[in-house]
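Asks: Here's a structure for you.
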Amino acid sequence: MSTSKMINGVPVQEHFKNAHHQFDTAKMGIWLFMATEILMFGGLFVGYAIFHMMYPEMFAEGARFLDWKLGFVNTLVLIFSSLTMALGIHFIQMNQIKKAVWALAITIVCGAIFMVIKYFEYTHKFHMGIFPGNLLDIAKLNEHLTAQGLDTVKSTNLGMYFGFYFCMSGLHGIHVIIGMGLITWCLIRAVRGDFNPNYYTAVEGVGIFWHIVDLVWIFLFPLLYLVG
Amino acid sequence: MGNAAHGSNYINAEKGLMSWLTSLDHKRIGILYFVTILFFFLVGGTFALLLRLELFAPNVNAAGQAVAGAIFKTGDTYNQALTYHGAIMVFMVIVPGIPAIFGNFFLPLQIGAKDVAFPKLNLASWYMLMIGATMAIATMFLNKVDTGWTFYTPYSIRTSGSVSLMIAAVFIMGMSSVFTGLNMIATIHKLRAPGMTFHRMPLFCWAIYSTSILQVLATPILAITLLLLIMERAFGVGIFDPKLGGDPVLFQHFFWFYSHPAVYIMILPAMGVISELLTTYSKKTIFGYTAIAYSSLGIAGVSFFVWGHHMYVSGQSELAGVIFSFLTMLVGVPTAIKMFNWIATLYKGSIEFTASMLYAMGFMFLFVIGGVTGIMLAVLPIDVHFHDTYFVVAHFHYVMVGGTLMALMGAIYHWFPKMFGKMYSEALARASFVFVFIGFNVTFFPQFILGGMGMPRRYFDYIPAYEQLNKISTVGSWLIGIGFLIGLVSIIQALRSGAKAPANPWGSKTLEWHTESPPITHNFSHEPHVTEGPYEYK
Amino acid sequence: MGHSHGHKEILPDEHHITPFSVYMKVALALFALTFLTIAAHSVRQYLGPVAPLVAFAIAGVKAFLVMAWFMHLKYESMENRIVFALGFIFLVVLFGISITDILSRQLISGVL
C-alpha cells in the first residue's frame with residue numbers, strides 16, 4: 001500500500017484522489033498535531049499561572065535575575081525567522097526555488113542565533129549558582145549579590161521559579177532545535193528539486209510548526225522576563 | 001486490479017517477517033498490534049493471577065501466626081507486581097487495544113477507504129508503542145517500580161525505582177496514542193468513500209472518532225505532566241513537591257485531566273463494537289442511530305469535566321468536590337442513552353447467540369453493574385466511605401474487564417473470519433465466554449462486598465475476617481484465566497486448521513463485509529458507492 | 001482503480017498565495033509591537049497592576065498576527081480552525097477547574 005503515482009509533478013499516494021486531496025489531509029493532520037503542542041506547552045503555562053498567583057513575591061524576585069534585553073533580542077530574532085519561514089513557502093509557491101532555499105537557510109541561522117543567546121543566558125545563570133529547583137545554590141547566589149551590593153534572596157522557594165524558567169525555556173529550546181532539524185530537511189529537499197508550486201506539503205507543515213515555536217515565545221517573553 | 005481472481009490478499013501479498021515489520025498497509029499494522037497486545041495481555045494477566053494468588057489467604061492468621069504459602073516475600077514485591085499489572089493493562093492493553101487493532105483494521109474498510117490518512121505515521125505509532133513497552137518492561141529488570149500506575153507525587157519523586165524510565169516509556173506510548181488518534185480523525189474527515197456521509201458511518205467509526213478526539217486533546221497534558229515529573233526527579237523543580245511550596249494535588253489534577261478521559265478512551269471503542277455486534281446478530285436496524293452516535297461525542301465532551309471525582313479525599317477543596325460530584329452524574333446520561341437504545345435494538349430482533357453475541361450480552365450485563373456503581377461512587381459522601389477500598393477495584397474492573405475486554409473478545413470473534421479468512425470453533429468460543437463471564441463475576445462481585453466491609457485496596461495482606469470472600473475471588477480469577485486460555489486455543493486452532501471463511505459469514509451489512517475474507521491489499525476491487533445507512537436489515 | 005471519480009482536477013492556483021508585501025507588513029507590525037512591549041515595560045511603575053495586562057494584550061495581538069497570516073489560518077478551512085481552537089479551549093478548562101479548586105481551598109478553608 002501507499003505507493004505513489006506522479007500527477008503533474010506531485011507524488012500522490014494511492015489512497016488519495018489527487019494532489020489537492022492529499023494536501024488537505026496532510027494539513028488537517030498538521031493542525032491536529034499543533035493542537036497537541038498547544039496543550040502540552042499550555043500545561044506549563046497553567047502551572048505557572050497557578051503558582052504565580054500563590055507566590056507573587058517569589059516570582060517577582062525570580063524575574064529580577066533575568067535580563068529582558070536578551071529576551072528582547074531573541075524575540076526579534078524569532079519574529080524575523082518566522083518571516084523568512086513564511087517567505088520560504090511564498091517563494092516556492094511562486095516557483096522561485098533558489099530564493100526559497102535562501103529564506104530557509106536564513107531561518108535556520110536565526111534559530112541558531114536564538115540558541116546561542118540562550119546558551120549564554122543559561123551559562124551565566126549556572127555561573128551565578130542559579131539552577132532549577134532543589135539545585136539552586138542560594139549561598140553562591142547571595143555571594144554574587146552581596147559582591148554587587150544588592151539585597152540577598154528573600155524567598156525560601158525561589159528554586160521553583162527557576163524550575164519553571166528552565167522547564168519552559170528548555171522545552172521551547174528543544175522545539176527550536178527540532179524545528180531547525182526539520183527546516184534543514186526541507187532545505188535539502190528543496191535543493192534536490194522535490195518541491196514545486198503544486199507540491200510543498202512538507203515545507204507548509206514545518207512552517208506551521210516553526211510559527212508555533214514563535215507563538216510560544218511571544219507569550220514566554222513577557223511571562224518570564226517582564227511580568228515575573 | 002484483478003488480484004482477487006488469483007486469490008491474492010493482504011496476508012499473502014508479500015512474504016517474510018520484514019514485509020510485516022515494514023508494511024504500511026493498515027490491515028497488516030492492525031495485525032501487528034493484535035499480536036503484540038495479545039502478548040502484553042498475557043503478561044499483565046499473569047501479574048493479575050499472581051496478585052490474586054497472594055491474596056488467597058492472609059499472611060497472618062487469627063491467632064497471629066504466619067501462614068505459609070505467600071508468593072511475594074514482602075509487601076514491596078506485591079506493590080511492584082501491582083504496578084506492573086496496572087501499567088501494562090492500562091497503557092499497553094486497554095488504551096491501545098480496540099482502537100489500534102480494530103480501528104486500524106476496520107475503520108478504513110468500514111468507510112470505504114484504501115488506507116488510513118497517514119500510513120507511515122501509522123507504522124511509526126506501532127514502533128513507538130514497542131519502544132515504550134520495551135522501556136517499561138526493562139524497568140522490571142532494573143529497579144522495579146512500585147508507585148502504582150498513577151505515579152502519585154510526592155512518593156513517585158522520592159522512591160528509588162526506575163520511575164523516570166517508566167515515565168519516559170509511558171510518554172512514548174502516549175505519543176503513539178496521539179498519532180493513532182490523529183490518523184483516525186484525518187481518515188474519517190478526508191477519506192470517506194463517495195456517498196459515505198457522517199450519518200451513514202457505522203457506529204464503530206463514530207466511537208473511534210470520539211475516542212480519537214480524546215486521545216488528541218487529553219494525552220498532551222499527560223505528556224507535560226510526565227515530563228515535569230521526570231524533571232522533578234532529576235532536579236527537584238518543585239512544582240509537584242511540597243518541599244518547595246509545590247502542590248501534589250496539582251499533579252493529580254494534571255494526571256486525571258488525561259486519565260479520566262483515558263477511561264473513556266478505553267470504553268468508547270468497546271461501545272462502538274457492541275453497536276456493531278447487536279445489530280448484526282439480531283439482524284435488526286439499530287434503534288436510535290443518531291442518539292448512539294452523538295452520545296459517543298457527548299461522553300467524550302463530558303469526560304473532560306469530571307476528573308476531580310478521583311480526588312474527593314486527596315485534599316481538593318469541598319467546593320471542587322461538590323462541582324465534580326454534580327458533573328460526574330452527567331456521564332450517566334449519554335451512557336444510559338446508549339444502553340436503552342441497545343436494548344431497544346434487540347426488541348423483536350432475530351437474535352443468534354453466537355460467541356460474539358454472548359460477549360456483547362455479557363458486556364451489557366456487566367457494564368450496567370460497573371456503570372451504576374460508578375454513579376454510586378460519584379456521590380461525594382458515599383465515595384468518602386468507599387474510597388480506596390475494594391469497592392472501587394470491583395467497580396473499575398466491571399467497566400474495564402467486564403466492559404472493554406468483553407467487547408474486545410466479542411470483536412475478535414466477530415471480525416476474526418474477515419481478518420484471517422478462517423472460521424473458528426463456535427463451541428470453543430462459547431466455552432471461553434462461559435468461563436470468562438462466570439469467572440469474572442466470581443472474582444469481582446465479592447470485591448464489592450469486601451469494599452463495603454472496608455477492605456482497603458493495594459495491600460498485600462488483610463485481616464482474617466476478609467478471608468472467605470478473598471478465597472472465592474481468587475478461585476474466580478482461575479476461571480477467568482481458563483476462559484482466556486480457551487479463547488487463545490480457539491484462535492490458534494482456527495489459524496492452523498479453521499475452515500475457509502466466506503466473505504460475509506454473519507450476514508452483516510457494513511462495508512467491510514462487502515470485500516473478500518481476508519481483504520485484498522487495496523481493500524476493495526471497486527471503490528464502494530454508498531447509498532444507504534450501515535444497518536439496513538429490515 | 002476501478003471507477004474513476006476524479007471530478008476534481010488539480011488546479012495550480014488552488015493554494016492561496018499571500019503577497020510578499022503582506023508578509024512584510026505583518027512582520028513590521030510584529031517588530032513594532034515588540035518595541036511597544038518594551039516601551040510599556042519601561043513605564044511599568046506608572047501602569048501599576050495594569051502592566052501585566054498590557055504586556056499580555058500586546059502578546060495576544062502579536063499571536064493573532066502570526067496565526068492569521070504566517071500560519072495562514074485566515075485562509076484555512078473552518079474544520080482546521082476549530083481543531084486548533086480546541087487546543088486552547090481545553091486548556092482553559094484545565095486552568096479554570098484547577099484554579100477553582102486551589103482558590104477555594106485558600107478562600108474557604110485557608111489552607112492549601
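Lettering and numbering for the C-alpha cells are positional, with chains as A, B, ... in the shown order, residues counted from 1 in each chain, and ligands counted from 1 in the shown order.
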Could you list, as a PDB file with C-alpha atoms, in the first residue's frame, every residue within 8 Å of segment 207-221 of chain B, counting only C-alpha atoms and ignoring same-chain residues fewer than 6 positions away?

Replies:
```pdb
ATOM      1  CA  LEU A  32      -4.321  18.269  14.938  1.00  0.00           C
ATOM      2  CA  PHE A  33      -0.708  17.889  15.939  1.00  0.00           C
ATOM      3  CA  ALA A  35      -3.425  21.445  18.943  1.00  0.00           C
ATOM      4  CA  THR A  36      -1.482  18.850  20.942  1.00  0.00           C
ATOM      5  CA  GLU A  37       1.555  21.144  21.007  1.00  0.00           C
ATOM      6  CA  LEU A  39      -1.960  21.745  25.051  1.00  0.00           C
ATOM      7  CA  MET A  40       1.458  20.434  26.025  1.00  0.00           C
ATOM      8  CA  GLY A  43       0.063  22.661  30.741  1.00  0.00           C
TER       9      GLY A  43
ATOM     10  CA  PRO B  99      -8.686   1.459  18.533  1.00  0.00           C
ATOM     11  CA  GLY B 103      -9.776   0.770  14.489  1.00  0.00           C
ATOM     12  CA  GLY B 174       1.272   8.346  24.843  1.00  0.00           C
ATOM     13  CA  MET B 175       2.747   9.761  21.646  1.00  0.00           C
ATOM     14  CA  SER B 177      -1.733   7.017  21.147  1.00  0.00           C
ATOM     15  CA  VAL B 178      -1.856  10.659  19.982  1.00  0.00           C
ATOM     16  CA  PHE B 179      -0.660   9.757  16.489  1.00  0.00           C
ATOM     17  CA  THR B 180      -3.122   6.882  16.174  1.00  0.00           C
ATOM     18  CA  GLY B 181      -5.939   9.240  17.173  1.00  0.00           C
ATOM     19  CA  LEU B 182      -4.757  11.946  14.803  1.00  0.00           C
ATOM     20  CA  MET B 184      -8.154   8.197  12.633  1.00  0.00           C
ATOM     21  CA  ILE B 185      -9.625  11.713  12.759  1.00  0.00           C
ATOM     22  CA  ILE B 188     -12.689   9.898   8.906  1.00  0.00           C
ATOM     23  CA  PHE B 254      -2.996  17.261  35.629  1.00  0.00           C
ATOM     24  CA  PHE B 255      -2.814  13.486  35.748  1.00  0.00           C
ATOM     25  CA  PHE B 257      -7.218  15.603  33.228  1.00  0.00           C
ATOM     26  CA  TYR B 258      -5.730  12.956  30.953  1.00  0.00           C
ATOM     27  CA  SER B 259      -6.507   9.814  32.807  1.00  0.00           C
ATOM     28  CA  PRO B 261     -10.799  10.923  29.553  1.00  0.00           C
ATOM     29  CA  ALA B 262      -8.479   7.924  29.155  1.00  0.00           C
ATOM     30  CA  TYR B 264     -13.398   6.757  28.009  1.00  0.00           C
ATOM     31  CA  ILE B 265     -10.583   6.108  25.546  1.00  0.00           C
ATOM     32  CA  LEU B 268     -15.890   4.195  23.923  1.00  0.00           C
ATOM     33  CA  PRO B 269     -14.413   1.860  21.281  1.00  0.00           C
ATOM     34  CA  MET B 271     -19.323   0.656  22.993  1.00  0.00           C
ATOM     35  CA  GLY B 272     -18.781   1.032  19.244  1.00  0.00           C
ATOM     36  CA  ALA B 293     -23.653   8.326  17.504  1.00  0.00           C
ATOM     37  CA  SER B 296     -20.360   8.965  21.940  1.00  0.00           C
ATOM     38  CA  LEU B 297     -19.371  12.568  21.321  1.00  0.00           C
ATOM     39  CA  ALA B 300     -16.186  12.436  25.112  1.00  0.00           C
TER      40      ALA B 300
ATOM     41  CA  LEU C  86      -9.936  23.149  20.587  1.00  0.00           C
ATOM     42  CA  GLY C  87      -6.395  23.056  21.937  1.00  0.00           C
ATOM     43  CA  PHE C  90      -9.454  22.615  26.652  1.00  0.00           C
TER      44      PHE C  90
END
```

Asks: As a PyMOL selection string, could you give me every residue of chain C near chain B (at most 8 Å apart, counting only C-alpha atoms)?

Replies: chain C and resi 1-3+86-87+90+93-94+97-98+100-102+104-105

Asks: Go ahead and write the selection's residues with C-alpha atoms as a compact mmCIF listing (two decimals), in the first residue's frame.

Replies:
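Final output, selection_39.txt:
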```
# COMPACT_ATOMS: atom_id res chain seq x y z
CA MET C 1 -8.54 1.94 -9.96
CA GLY C 2 -11.98 0.59 -10.75
CA HIS C 3 -14.25 3.51 -11.41
CA LEU C 86 -9.94 23.15 20.59
CA GLY C 87 -6.39 23.06 21.94
CA PHE C 90 -9.45 22.62 26.65
CA VAL C 93 -10.96 24.00 31.05
CA LEU C 94 -7.82 22.64 32.73
CA ILE C 97 -11.17 23.93 37.16
CA SER C 98 -7.71 23.57 38.73
CA THR C 100 -11.24 26.88 41.20
CA ASP C 101 -10.00 24.10 43.44
CA ILE C 102 -6.87 25.90 44.56
CA SER C 104 -11.47 27.70 47.04
CA ARG C 105 -9.03 25.75 49.20
```

Asks: Per DSSP on the backbone, filter chain C down to the residues in helix (DSSP H, G or I) and report them as a ChimeraX atom specification.

Replies: /C:12-14,20-42,44-47,50-70,73-75,78-109

Asks: Quick check: residues of chain B within 6 Å of chain A, only C-alpha atoms, returned as a list in words.

Replies: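 On the chain B side, the interface is Asp25, Lys114, Pro220, Ile221, Ile224, Gly236, Val237, Gly238 and Leu244 of chain B.
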
Asks: Can you spit out the residues from that selection as a compact mmCIF listing (two decimals), in the first residue's frame, using N, CA and C atoms?

Replies:
```
# COMPACT_ATOMS: atom_id res chain seq x y z
N ASP B 25 0.52 -1.12 5.16
CA ASP B 25 -0.88 -1.50 4.99
C ASP B 25 -1.58 -1.46 6.37
N LYS B 114 -9.03 3.27 1.14
CA LYS B 114 -7.99 2.29 0.80
C LYS B 114 -6.98 2.13 1.91
N PRO B 220 -1.73 15.17 25.50
CA PRO B 220 -0.65 16.15 25.68
C PRO B 220 -0.48 16.60 27.12
N ILE B 221 -1.57 16.67 27.87
CA ILE B 221 -1.45 17.11 29.27
C ILE B 221 -0.73 16.02 30.08
N ILE B 224 3.04 16.47 29.31
CA ILE B 224 3.75 17.52 30.03
C ILE B 224 3.85 17.17 31.51
N GLY B 236 14.40 18.25 40.99
CA GLY B 236 13.54 18.76 42.06
C GLY B 236 13.01 20.13 41.74
N VAL B 237 12.37 20.31 40.56
CA VAL B 237 11.92 21.65 40.17
C VAL B 237 10.86 22.20 41.10
N GLY B 238 10.24 21.37 41.90
CA GLY B 238 9.41 21.89 42.98
C GLY B 238 7.95 22.13 42.66
N LEU B 244 9.17 22.55 48.15
CA LEU B 244 9.44 23.89 47.60
C LEU B 244 8.15 24.69 47.44
```

Asks: Show which residues sit within 7 Å of Ser82 of chain A, as a list of chain:residue names. Count only C-alpha atoms, and ignore same-chain residues fewer than 5 positions away.

Replies: A:Trp210, A:His211, A:Asp214

Asks: Quick one: distance from atom CA of Ala431 of chain B to atom CA of Phe365 of chain B in Å, one decimal?

Replies: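 Atom-to-atom, atom CA of Ala431 of chain B to atom CA of Phe365 of chain B, that is 18.0 Å.
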